[in-house]
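Data block for entry_32.pdb (PDB, C-alpha atoms):
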```
MODEL        1
ATOM      1  CA  MET L  11      34.071  10.166  72.938  1.00  0.00           C
ATOM      2  CA  THR L  12      31.636   9.666  70.053  1.00  0.00           C
ATOM      3  CA  ASP L  13      32.859   7.598  67.118  1.00  0.00           C
ATOM      4  CA  PRO L  14      32.936   9.749  63.931  1.00  0.00           C
ATOM      5  CA  ALA L  15      31.522   6.755  62.031  1.00  0.00           C
ATOM      6  CA  THR L  16      28.257   7.394  63.901  1.00  0.00           C
ATOM      7  CA  TYR L  17      27.712  10.343  61.555  1.00  0.00           C
ATOM      8  CA  LEU L  18      28.338   8.445  58.313  1.00  0.00           C
ATOM      9  CA  PRO L  19      24.664   8.696  57.211  1.00  0.00           C
ATOM     10  CA  VAL L  20      24.859  12.496  57.508  1.00  0.00           C
ATOM     11  CA  LEU L  21      28.205  12.662  55.710  1.00  0.00           C
ATOM     12  CA  GLN L  22      27.042  10.342  52.934  1.00  0.00           C
ATOM     13  CA  SER L  23      24.067  12.632  52.321  1.00  0.00           C
ATOM     14  CA  GLY L  24      26.599  15.156  51.014  1.00  0.00           C
ATOM     15  CA  ARG L  25      27.648  15.091  47.353  1.00  0.00           C
ATOM     16  CA  TRP L  26      31.399  15.453  47.928  1.00  0.00           C
ATOM     17  CA  PHE L  27      31.810  12.713  50.544  1.00  0.00           C
ATOM     18  CA  ALA L  28      29.350  10.358  48.814  1.00  0.00           C
ATOM     19  CA  HIS L  29      31.499  10.425  45.668  1.00  0.00           C
ATOM     20  CA  LEU L  30      34.849   9.897  47.387  1.00  0.00           C
ATOM     21  CA  PRO L  31      36.598   6.617  46.529  1.00  0.00           C
ATOM     22  CA  PRO L  32      36.369   4.208  49.490  1.00  0.00           C
ATOM     23  CA  ASP L  33      40.165   4.161  49.856  1.00  0.00           C
ATOM     24  CA  PHE L  34      39.966   7.868  50.743  1.00  0.00           C
ATOM     25  CA  ALA L  35      36.611   8.063  52.543  1.00  0.00           C
ATOM     26  CA  GLN L  36      37.410   5.273  54.992  1.00  0.00           C
ATOM     27  CA  PRO L  37      40.836   6.610  56.085  1.00  0.00           C
ATOM     28  CA  LEU L  38      39.335  10.101  56.352  1.00  0.00           C
ATOM     29  CA  ILE L  39      36.838   8.868  58.942  1.00  0.00           C
ATOM     30  CA  ALA L  40      39.491   6.750  60.666  1.00  0.00           C
ATOM     31  CA  MET L  41      41.647   9.874  61.142  1.00  0.00           C
ATOM     32  CA  ALA L  42      38.720  11.992  62.359  1.00  0.00           C
ATOM     33  CA  GLN L  43      37.495  13.032  65.780  1.00  0.00           C
ATOM     34  CA  VAL L  44      34.247  14.593  66.953  1.00  0.00           C
ATOM     35  CA  ARG L  45      34.085  18.203  68.173  1.00  0.00           C
ATOM     36  CA  GLN L  46      31.176  19.675  70.139  1.00  0.00           C
ATOM     37  CA  LEU L  47      30.643  23.449  70.221  1.00  0.00           C
ATOM     38  CA  GLN L  48      28.200  25.528  72.218  1.00  0.00           C
ATOM     39  CA  ALA L  49      26.288  28.368  70.560  1.00  0.00           C
ATOM     40  CA  GLY L  50      28.653  31.307  69.996  1.00  0.00           C
ATOM     41  CA  GLU L  51      31.798  29.280  70.674  1.00  0.00           C
ATOM     42  CA  VAL L  52      34.825  30.005  68.475  1.00  0.00           C
ATOM     43  CA  LEU L  53      36.090  27.212  66.243  1.00  0.00           C
ATOM     44  CA  PHE L  54      38.932  29.273  64.782  1.00  0.00           C
ATOM     45  CA  LEU L  55      39.733  32.921  64.030  1.00  0.00           C
ATOM     46  CA  ARG L  56      41.395  34.709  61.122  1.00  0.00           C
ATOM     47  CA  GLY L  57      45.142  34.311  61.480  1.00  0.00           C
ATOM     48  CA  ASP L  58      44.962  31.038  63.433  1.00  0.00           C
ATOM     49  CA  ALA L  59      47.197  28.185  62.372  1.00  0.00           C
ATOM     50  CA  PRO L  60      45.673  25.364  60.286  1.00  0.00           C
ATOM     51  CA  CYS L  61      43.770  22.896  62.451  1.00  0.00           C
ATOM     52  CA  GLY L  62      42.295  20.518  59.914  1.00  0.00           C
ATOM     53  CA  LEU L  63      39.325  19.760  57.721  1.00  0.00           C
ATOM     54  CA  TYR L  64      35.797  19.899  59.155  1.00  0.00           C
ATOM     55  CA  ALA L  65      32.313  18.640  58.363  1.00  0.00           C
ATOM     56  CA  VAL L  66      29.170  19.972  60.034  1.00  0.00           C
ATOM     57  CA  VAL L  67      26.983  17.062  61.145  1.00  0.00           C
ATOM     58  CA  ARG L  68      24.667  18.947  63.526  1.00  0.00           C
ATOM     59  CA  GLY L  69      23.864  22.616  64.038  1.00  0.00           C
ATOM     60  CA  ALA L  70      25.452  25.397  61.992  1.00  0.00           C
ATOM     61  CA  ILE L  71      28.754  27.273  61.670  1.00  0.00           C
ATOM     62  CA  SER L  72      28.951  30.962  60.751  1.00  0.00           C
ATOM     63  CA  ILE L  73      31.902  32.081  58.637  1.00  0.00           C
ATOM     64  CA  SER L  74      32.526  35.806  59.046  1.00  0.00           C
ATOM     65  CA  GLY L  75      35.112  38.536  58.715  1.00  0.00           C
ATOM     66  CA  THR L  76      35.805  42.002  60.085  1.00  0.00           C
ATOM     67  CA  GLY L  77      37.446  44.875  58.261  1.00  0.00           C
ATOM     68  CA  GLY L  78      38.291  48.563  58.684  1.00  0.00           C
ATOM     69  CA  ARG L  79      40.017  50.543  61.400  1.00  0.00           C
ATOM     70  CA  ALA L  80      39.385  49.485  64.958  1.00  0.00           C
ATOM     71  CA  HIS L  81      37.043  52.367  65.811  1.00  0.00           C
ATOM     72  CA  GLU L  82      34.952  51.864  62.654  1.00  0.00           C
ATOM     73  CA  ALA L  83      35.370  48.139  61.991  1.00  0.00           C
ATOM     74  CA  ARG L  84      32.516  46.412  60.170  1.00  0.00           C
ATOM     75  CA  SER L  85      31.554  42.749  60.243  1.00  0.00           C
ATOM     76  CA  ALA L  86      30.332  40.638  57.361  1.00  0.00           C
ATOM     77  CA  LEU L  87      28.646  37.268  57.634  1.00  0.00           C
ATOM     78  CA  LEU L  88      29.900  35.403  54.581  1.00  0.00           C
ATOM     79  CA  THR L  89      27.981  32.180  54.897  1.00  0.00           C
ATOM     80  CA  ARG L  90      26.262  29.787  57.268  1.00  0.00           C
ATOM     81  CA  LEU L  91      27.337  26.154  56.950  1.00  0.00           C
ATOM     82  CA  GLU L  92      24.930  23.365  57.872  1.00  0.00           C
ATOM     83  CA  PRO L  93      25.077  19.556  57.539  1.00  0.00           C
ATOM     84  CA  PRO L  94      26.621  17.924  55.554  1.00  0.00           C
ATOM     85  CA  HIS L  95      28.950  20.808  54.604  1.00  0.00           C
ATOM     86  CA  TRP L  96      32.752  20.299  54.627  1.00  0.00           C
ATOM     87  CA  PHE L  97      35.060  23.299  55.092  1.00  0.00           C
ATOM     88  CA  GLY L  98      38.578  24.358  56.045  1.00  0.00           C
ATOM     89  CA  GLU L  99      40.261  22.961  52.936  1.00  0.00           C
ATOM     90  CA  ILE L 100      42.097  26.171  51.973  1.00  0.00           C
ATOM     91  CA  SER L 101      44.569  25.831  54.846  1.00  0.00           C
ATOM     92  CA  VAL L 102      44.920  22.118  54.098  1.00  0.00           C
ATOM     93  CA  PHE L 103      46.314  23.053  50.681  1.00  0.00           C
ATOM     94  CA  ASP L 104      48.562  26.002  51.461  1.00  0.00           C
ATOM     95  CA  GLY L 105      49.364  25.410  55.140  1.00  0.00           C
ATOM     96  CA  SER L 106      48.720  29.102  55.810  1.00  0.00           C
ATOM     97  CA  ALA L 107      46.669  30.834  58.470  1.00  0.00           C
ATOM     98  CA  ARG L 108      42.885  30.801  58.532  1.00  0.00           C
ATOM     99  CA  THR L 109      41.346  33.432  56.284  1.00  0.00           C
ATOM    100  CA  HIS L 110      38.136  34.079  58.292  1.00  0.00           C
ATOM    101  CA  ASP L 111      36.447  33.533  61.634  1.00  0.00           C
ATOM    102  CA  ALA L 112      34.316  30.464  62.328  1.00  0.00           C
ATOM    103  CA  HIS L 113      31.790  30.410  65.197  1.00  0.00           C
ATOM    104  CA  ALA L 114      29.024  28.039  66.179  1.00  0.00           C
ATOM    105  CA  ALA L 115      25.765  29.725  65.165  1.00  0.00           C
ATOM    106  CA  GLU L 116      24.017  27.277  67.495  1.00  0.00           C
ATOM    107  CA  ALA L 117      25.013  24.184  69.465  1.00  0.00           C
ATOM    108  CA  SER L 118      26.902  22.167  66.862  1.00  0.00           C
ATOM    109  CA  THR L 119      28.686  18.894  66.253  1.00  0.00           C
ATOM    110  CA  LEU L 120      31.613  18.661  63.845  1.00  0.00           C
ATOM    111  CA  VAL L 121      33.722  15.874  62.447  1.00  0.00           C
ATOM    112  CA  GLN L 122      37.318  17.127  62.419  1.00  0.00           C
ATOM    113  CA  VAL L 123      40.222  15.580  60.509  1.00  0.00           C
ATOM    114  CA  PRO L 124      43.307  17.061  62.260  1.00  0.00           C
ATOM    115  CA  HIS L 125      45.738  18.937  60.025  1.00  0.00           C
ATOM    116  CA  GLU L 126      48.908  16.964  60.807  1.00  0.00           C
ATOM    117  CA  ARG L 127      47.243  13.566  60.385  1.00  0.00           C
ATOM    118  CA  LEU L 128      45.669  14.554  57.094  1.00  0.00           C
ATOM    119  CA  GLN L 129      48.906  16.043  55.732  1.00  0.00           C
ATOM    120  CA  ALA L 130      50.879  12.920  56.637  1.00  0.00           C
ATOM    121  CA  TRP L 131      48.284  10.654  55.031  1.00  0.00           C
ATOM    122  CA  LEU L 132      48.120  12.717  51.831  1.00  0.00           C
ATOM    123  CA  GLN L 133      51.908  12.742  51.597  1.00  0.00           C
ATOM    124  CA  ALA L 134      51.795   8.942  51.633  1.00  0.00           C
ATOM    125  CA  HIS L 135      48.803   8.848  49.224  1.00  0.00           C
ATOM    126  CA  PRO L 136      49.317  11.856  46.903  1.00  0.00           C
ATOM    127  CA  GLY L 137      46.836  10.578  44.329  1.00  0.00           C
ATOM    128  CA  HIS L 138      43.977  11.681  46.586  1.00  0.00           C
ATOM    129  CA  TRP L 139      44.829  15.378  46.464  1.00  0.00           C
ATOM    130  CA  HIS L 140      42.615  15.571  43.377  1.00  0.00           C
ATOM    131  CA  ALA L 141      39.530  14.488  45.333  1.00  0.00           C
ATOM    132  CA  LEU L 142      40.254  17.155  47.931  1.00  0.00           C
ATOM    133  CA  ALA L 143      40.760  19.724  45.168  1.00  0.00           C
ATOM    134  CA  LEU L 144      37.194  19.115  43.985  1.00  0.00           C
ATOM    135  CA  LEU L 145      35.964  20.382  47.360  1.00  0.00           C
ATOM    136  CA  LEU L 146      38.007  23.544  46.884  1.00  0.00           C
ATOM    137  CA  THR L 147      36.896  24.182  43.297  1.00  0.00           C
ATOM    138  CA  ASP L 148      33.260  23.709  44.251  1.00  0.00           C
ATOM    139  CA  LYS L 149      33.606  26.492  46.841  1.00  0.00           C
ATOM    140  CA  LEU L 150      35.386  28.676  44.277  1.00  0.00           C
ATOM    141  CA  ARG L 151      32.461  28.358  41.861  1.00  0.00           C
ATOM    142  CA  THR L 152      30.026  29.380  44.605  1.00  0.00           C
ATOM    143  CA  ALA L 153      32.231  32.358  45.526  1.00  0.00           C
ATOM    144  CA  PHE L 154      32.326  33.575  41.912  1.00  0.00           C
ATOM    145  CA  VAL L 155      28.529  33.372  41.714  1.00  0.00           C
ATOM    146  CA  ALA L 156      28.234  35.466  44.894  1.00  0.00           C
ATOM    147  CA  ILE L 157      30.678  38.082  43.543  1.00  0.00           C
ATOM    148  CA  GLU L 158      28.765  38.293  40.271  1.00  0.00           C
ATOM    149  CA  GLU L 159      25.444  38.697  42.088  1.00  0.00           C
ATOM    150  CA  LEU L 160      26.853  41.465  44.275  1.00  0.00           C
ATOM    151  CA  ALA L 161      28.050  43.353  41.201  1.00  0.00           C
ATOM    152  CA  LEU L 162      25.064  42.849  38.917  1.00  0.00           C
ATOM    153  CA  LEU L 163      21.839  42.085  40.767  1.00  0.00           C
ATOM    154  CA  PRO L 164      19.535  44.403  42.727  1.00  0.00           C
ATOM    155  CA  ALA L 165      18.978  43.584  46.383  1.00  0.00           C
ATOM    156  CA  PRO L 166      15.589  41.789  45.983  1.00  0.00           C
ATOM    157  CA  GLN L 167      17.007  39.301  43.485  1.00  0.00           C
ATOM    158  CA  ARG L 168      20.172  38.772  45.504  1.00  0.00           C
ATOM    159  CA  LEU L 169      18.151  38.007  48.615  1.00  0.00           C
ATOM    160  CA  ALA L 170      15.835  35.611  46.781  1.00  0.00           C
ATOM    161  CA  ARG L 171      18.799  33.808  45.211  1.00  0.00           C
ATOM    162  CA  ARG L 172      20.574  33.476  48.540  1.00  0.00           C
ATOM    163  CA  LEU L 173      17.464  31.972  50.130  1.00  0.00           C
ATOM    164  CA  VAL L 174      17.198  29.489  47.257  1.00  0.00           C
ATOM    165  CA  MET L 175      20.871  28.559  47.581  1.00  0.00           C
ATOM    166  CA  MET L 176      20.505  28.028  51.321  1.00  0.00           C
ATOM    167  CA  ALA L 177      17.317  26.017  50.857  1.00  0.00           C
ATOM    168  CA  GLU L 178      19.177  23.798  48.401  1.00  0.00           C
ATOM    169  CA  GLY L 179      22.176  23.427  50.710  1.00  0.00           C
ATOM    170  CA  TYR L 180      24.461  25.356  48.325  1.00  0.00           C
ATOM    171  CA  GLY L 181      24.309  22.313  46.064  1.00  0.00           C
ATOM    172  CA  GLN L 182      26.064  20.125  48.632  1.00  0.00           C
ATOM    173  CA  TRP L 183      23.444  17.392  48.982  1.00  0.00           C
ATOM    174  CA  ASN L 184      23.837  14.116  47.161  1.00  0.00           C
ATOM    175  CA  ALA L 185      20.127  13.524  46.522  1.00  0.00           C
ATOM    176  CA  GLU L 186      18.864  15.363  43.463  1.00  0.00           C
ATOM    177  CA  GLY L 187      16.077  17.834  44.192  1.00  0.00           C
ATOM    178  CA  GLN L 188      16.563  17.783  47.970  1.00  0.00           C
ATOM    179  CA  SER L 189      15.759  21.049  49.724  1.00  0.00           C
ATOM    180  CA  ARG L 190      15.330  22.495  53.203  1.00  0.00           C
ATOM    181  CA  ARG L 191      11.954  24.069  53.986  1.00  0.00           C
ATOM    182  CA  VAL L 192      13.020  26.095  57.032  1.00  0.00           C
ATOM    183  CA  ILE L 193      16.213  28.171  56.999  1.00  0.00           C
ATOM    184  CA  GLY L 194      17.551  29.096  60.415  1.00  0.00           C
ATOM    185  CA  ILE L 195      18.659  32.675  59.842  1.00  0.00           C
ATOM    186  CA  SER L 196      17.600  36.014  61.264  1.00  0.00           C
ATOM    187  CA  GLN L 197      16.929  39.170  59.269  1.00  0.00           C
ATOM    188  CA  GLU L 198      20.019  40.751  60.808  1.00  0.00           C
ATOM    189  CA  GLN L 199      22.193  37.835  59.711  1.00  0.00           C
ATOM    190  CA  LEU L 200      20.702  37.898  56.226  1.00  0.00           C
ATOM    191  CA  SER L 201      21.401  41.620  55.900  1.00  0.00           C
ATOM    192  CA  LEU L 202      25.033  41.108  56.973  1.00  0.00           C
ATOM    193  CA  MET L 203      25.412  38.245  54.519  1.00  0.00           C
ATOM    194  CA  LEU L 204      24.154  40.332  51.594  1.00  0.00           C
ATOM    195  CA  ALA L 205      25.690  43.698  52.602  1.00  0.00           C
ATOM    196  CA  ILE L 206      22.313  45.451  52.603  1.00  0.00           C
ATOM    197  CA  SER L 207      20.594  47.351  55.385  1.00  0.00           C
ATOM    198  CA  ARG L 208      18.355  45.687  57.942  1.00  0.00           C
ATOM    199  CA  GLN L 209      15.496  47.933  56.771  1.00  0.00           C
ATOM    200  CA  THR L 210      15.928  46.884  53.134  1.00  0.00           C
ATOM    201  CA  THR L 211      16.063  43.222  54.144  1.00  0.00           C
ATOM    202  CA  ASN L 212      12.846  43.620  56.094  1.00  0.00           C
ATOM    203  CA  GLN L 213      11.098  45.300  53.168  1.00  0.00           C
ATOM    204  CA  ILE L 214      12.137  42.595  50.709  1.00  0.00           C
ATOM    205  CA  LEU L 215      11.032  39.803  53.037  1.00  0.00           C
ATOM    206  CA  LYS L 216       7.672  41.502  53.599  1.00  0.00           C
ATOM    207  CA  ASP L 217       7.181  41.614  49.831  1.00  0.00           C
ATOM    208  CA  LEU L 218       8.029  37.907  49.518  1.00  0.00           C
ATOM    209  CA  GLU L 219       5.591  37.168  52.341  1.00  0.00           C
ATOM    210  CA  ALA L 220       2.843  39.168  50.600  1.00  0.00           C
ATOM    211  CA  ARG L 221       3.423  37.004  47.513  1.00  0.00           C
ATOM    212  CA  HIS L 222       3.151  33.849  49.681  1.00  0.00           C
ATOM    213  CA  LEU L 223       6.674  32.735  48.799  1.00  0.00           C
ATOM    214  CA  VAL L 224       8.070  32.730  52.333  1.00  0.00           C
ATOM    215  CA  ARG L 225       6.942  33.021  55.948  1.00  0.00           C
ATOM    216  CA  VAL L 226       9.244  34.996  58.251  1.00  0.00           C
ATOM    217  CA  GLN L 227       9.405  34.052  61.912  1.00  0.00           C
ATOM    218  CA  ARG L 228      11.837  34.924  64.667  1.00  0.00           C
ATOM    219  CA  GLY L 229      15.254  33.606  63.693  1.00  0.00           C
ATOM    220  CA  GLU L 230      14.084  31.696  60.633  1.00  0.00           C
ATOM    221  CA  VAL L 231      12.618  31.932  57.149  1.00  0.00           C
ATOM    222  CA  GLU L 232      10.220  29.239  55.954  1.00  0.00           C
ATOM    223  CA  ILE L 233      10.104  28.594  52.206  1.00  0.00           C
ATOM    224  CA  LEU L 234       6.479  28.201  51.108  1.00  0.00           C
ATOM    225  CA  ASP L 235       6.990  27.957  47.334  1.00  0.00           C
ATOM    226  CA  LEU L 236      10.554  27.156  46.274  1.00  0.00           C
ATOM    227  CA  ALA L 237       9.770  27.117  42.534  1.00  0.00           C
ATOM    228  CA  ALA L 238       8.171  30.562  42.662  1.00  0.00           C
ATOM    229  CA  LEU L 239      11.007  31.885  44.835  1.00  0.00           C
ATOM    230  CA  ARG L 240      13.493  30.588  42.272  1.00  0.00           C
ATOM    231  CA  ALA L 241      11.554  32.423  39.556  1.00  0.00           C
ATOM    232  CA  ALA L 242      11.824  35.621  41.610  1.00  0.00           C
ATOM    233  CA  CYS L 243      15.608  35.424  41.286  1.00  0.00           C
ATOM    234  CA  TYR L 244      15.500  36.602  37.668  1.00  0.00           C
TER     235      TYR L 244
ENDMDL
END
```

Here is a file; write its structure as structure tokens.
Amino acid sequence: MTDPATYLPVLQSGRWFAHLPPDFAQPLIAMAQVRQLQAGEVLFLRGDAPCGLYAVVRGAISISGTGGRAHEARSALLTRLEPPHWFGEISVFDGSARTHDAHAAEASTLVQVPHERLQAWLQAHPGHWHALALLLTDKLRTAFVAIEELALLPAPQRLARRLVMMAEGYGQWNAEGQSRRVIGISQEQLSLMLAISRQTTNQILKDLEARHLVRVQRGEVEILDLAALRAACY
């Protein structure tokens, strides 16, 4: 079995883990184990019992939900988590069931801190709940931004802003100004994420391509001019 410490460089590239005090970061890795998932494999589903805290160190995890009556149920892709993103902290705090589904968007490697081990350690070291709370509040800020955009912005601006956020790793990287040039997401996934039609998504992306801001290829969007794409958000 792979030692979780092997992935320390990836984890330390993330803002949250890089700023943890050593007396929390080191035990966190000591408690952890490595999980490997194949593309499409389920990590957990809505309603599942808490199973711990996770960090993506390779690949990507899709967080999604389904709503409506069985015969007319609709799916929504909420977000796509890539290295060095941590997630799963809600159930760590309240001990309740998972709120959404998590699947491997591609072959992925995760560092998992099992729920029972983490709870026992935090009970013995309660001062470190604050550090974990910062992970939760950071996600809450991002969620409020997404809700505001859905209510106030037209589809072209929402799509541009989501691409910028994904390119910048949702603000999770430790290095200032770091960005990802190629985003592994299809037009269908992007439309589900933004609750707009596939046709509208295609039209917006074609416009961004015509302005030489992005290049769309099968299953990915390449950012050609991040500064100009950021300007298109407003």

Expected selection from the PyMOL selection byres ((chain L and resi 18-35) around 12), given as number ranges by chain = L: 13-17, 36-42, 64-68, 92-97, 119-121, 123, 128, 131-132, 134-149, 178-186, 188

Kindly save the residues from that selection, with C-alpha atoms included, as a PDB file, in the coordinates of the input.
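Generated file (result.pdb):
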```
ATOM      1  CA  ASP L  13      32.859   7.598  67.118  1.00  0.00           C
ATOM      2  CA  PRO L  14      32.936   9.749  63.931  1.00  0.00           C
ATOM      3  CA  ALA L  15      31.522   6.755  62.031  1.00  0.00           C
ATOM      4  CA  THR L  16      28.257   7.394  63.901  1.00  0.00           C
ATOM      5  CA  TYR L  17      27.712  10.343  61.555  1.00  0.00           C
ATOM      6  CA  GLN L  36      37.410   5.273  54.992  1.00  0.00           C
ATOM      7  CA  PRO L  37      40.836   6.610  56.085  1.00  0.00           C
ATOM      8  CA  LEU L  38      39.335  10.101  56.352  1.00  0.00           C
ATOM      9  CA  ILE L  39      36.838   8.868  58.942  1.00  0.00           C
ATOM     10  CA  ALA L  40      39.491   6.750  60.666  1.00  0.00           C
ATOM     11  CA  MET L  41      41.647   9.874  61.142  1.00  0.00           C
ATOM     12  CA  ALA L  42      38.720  11.992  62.359  1.00  0.00           C
ATOM     13  CA  TYR L  64      35.797  19.899  59.155  1.00  0.00           C
ATOM     14  CA  ALA L  65      32.313  18.640  58.363  1.00  0.00           C
ATOM     15  CA  VAL L  66      29.170  19.972  60.034  1.00  0.00           C
ATOM     16  CA  VAL L  67      26.983  17.062  61.145  1.00  0.00           C
ATOM     17  CA  ARG L  68      24.667  18.947  63.526  1.00  0.00           C
ATOM     18  CA  GLU L  92      24.930  23.365  57.872  1.00  0.00           C
ATOM     19  CA  PRO L  93      25.077  19.556  57.539  1.00  0.00           C
ATOM     20  CA  PRO L  94      26.621  17.924  55.554  1.00  0.00           C
ATOM     21  CA  HIS L  95      28.950  20.808  54.604  1.00  0.00           C
ATOM     22  CA  TRP L  96      32.752  20.299  54.627  1.00  0.00           C
ATOM     23  CA  PHE L  97      35.060  23.299  55.092  1.00  0.00           C
ATOM     24  CA  THR L 119      28.686  18.894  66.253  1.00  0.00           C
ATOM     25  CA  LEU L 120      31.613  18.661  63.845  1.00  0.00           C
ATOM     26  CA  VAL L 121      33.722  15.874  62.447  1.00  0.00           C
ATOM     27  CA  VAL L 123      40.222  15.580  60.509  1.00  0.00           C
ATOM     28  CA  LEU L 128      45.669  14.554  57.094  1.00  0.00           C
ATOM     29  CA  TRP L 131      48.284  10.654  55.031  1.00  0.00           C
ATOM     30  CA  LEU L 132      48.120  12.717  51.831  1.00  0.00           C
ATOM     31  CA  ALA L 134      51.795   8.942  51.633  1.00  0.00           C
ATOM     32  CA  HIS L 135      48.803   8.848  49.224  1.00  0.00           C
ATOM     33  CA  PRO L 136      49.317  11.856  46.903  1.00  0.00           C
ATOM     34  CA  GLY L 137      46.836  10.578  44.329  1.00  0.00           C
ATOM     35  CA  HIS L 138      43.977  11.681  46.586  1.00  0.00           C
ATOM     36  CA  TRP L 139      44.829  15.378  46.464  1.00  0.00           C
ATOM     37  CA  HIS L 140      42.615  15.571  43.377  1.00  0.00           C
ATOM     38  CA  ALA L 141      39.530  14.488  45.333  1.00  0.00           C
ATOM     39  CA  LEU L 142      40.254  17.155  47.931  1.00  0.00           C
ATOM     40  CA  ALA L 143      40.760  19.724  45.168  1.00  0.00           C
ATOM     41  CA  LEU L 144      37.194  19.115  43.985  1.00  0.00           C
ATOM     42  CA  LEU L 145      35.964  20.382  47.360  1.00  0.00           C
ATOM     43  CA  LEU L 146      38.007  23.544  46.884  1.00  0.00           C
ATOM     44  CA  THR L 147      36.896  24.182  43.297  1.00  0.00           C
ATOM     45  CA  ASP L 148      33.260  23.709  44.251  1.00  0.00           C
ATOM     46  CA  LYS L 149      33.606  26.492  46.841  1.00  0.00           C
ATOM     47  CA  GLU L 178      19.177  23.798  48.401  1.00  0.00           C
ATOM     48  CA  GLY L 179      22.176  23.427  50.710  1.00  0.00           C
ATOM     49  CA  TYR L 180      24.461  25.356  48.325  1.00  0.00           C
ATOM     50  CA  GLY L 181      24.309  22.313  46.064  1.00  0.00           C
ATOM     51  CA  GLN L 182      26.064  20.125  48.632  1.00  0.00           C
ATOM     52  CA  TRP L 183      23.444  17.392  48.982  1.00  0.00           C
ATOM     53  CA  ASN L 184      23.837  14.116  47.161  1.00  0.00           C
ATOM     54  CA  ALA L 185      20.127  13.524  46.522  1.00  0.00           C
ATOM     55  CA  GLU L 186      18.864  15.363  43.463  1.00  0.00           C
ATOM     56  CA  GLN L 188      16.563  17.783  47.970  1.00  0.00           C
TER      57      GLN L 188
END
```

Could you state which residues are captured by the PyMOL selection byres ((chain L and resi 202-217) around 6) in this file, as a VMD selection string?
-> chain L and resid 86 to 88 166 198 to 201 218 to 220

Quote the spacing between CA of Ala112 (chain L) and CA of Gly77 (chain L) in Å to one decimal place.
-> 15.3 Å

Show which residues sit within 12 Å of Asp104 (chain L), as an MDAnalysis selection string. Count all atoms listed in the file, and ignore same-chain residues fewer than 2 positions away.
-> chainID L and resid 59:60 62 98:102 106:109 125 129 143 146

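Of the residues under consideration (L:Phe154, L:Phe54, L:Phe103, L:Tyr244), L:Phe54 shows the shortest atom-to-atom contact distance to Ile71 (chain L) when counting all atoms listed in the file.
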
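Reported to one decimal place, the separation of CA of Leu55 (chain L) from CA of Glu126 (chain L) is 18.7 Å.
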
Atomic separation - CA of Ala161 (chain L) relative to CA of Ser74 (chain L), Å | 19.9 Å

Selection result of the PyMOL selection byres ((chain L and resi 229) around 12) on this file, as a ChimeraX atom specification | /L:115-116,192-200,225-228,230-232

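If you measure from each of L:Gly75, L:Ala114, L:Gln122, L:Ile157 to Val44 (chain L) using all atoms listed in the file, the closest one turns out to be L:Gln122.
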
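Proximity to Arg172 (chain L) was assessed for L:Ala238, L:Thr89, L:Ser189, L:Arg127 counting only C-alpha atoms; the smallest distance is recorded for L:Thr89.
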
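Restricting the calculation to only C-alpha atoms, the smallest distance between Ala241 (chain L) and any of L:Arg56, L:Arg191, L:Arg84, L:Arg171 is found for L:Arg171.
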
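For the residues L:Asp111, L:Asp58, L:Ser118, L:Gln46, ranking by smallest atom-to-atom distance to Ala70 (chain L) using all atoms listed in the file places L:Ser118 first.
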
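For the residues L:Val155, L:Ala170, L:Leu163, L:Met176, ranking by smallest atom-to-atom distance to Arg240 (chain L) using all atoms listed in the file places L:Ala170 first.
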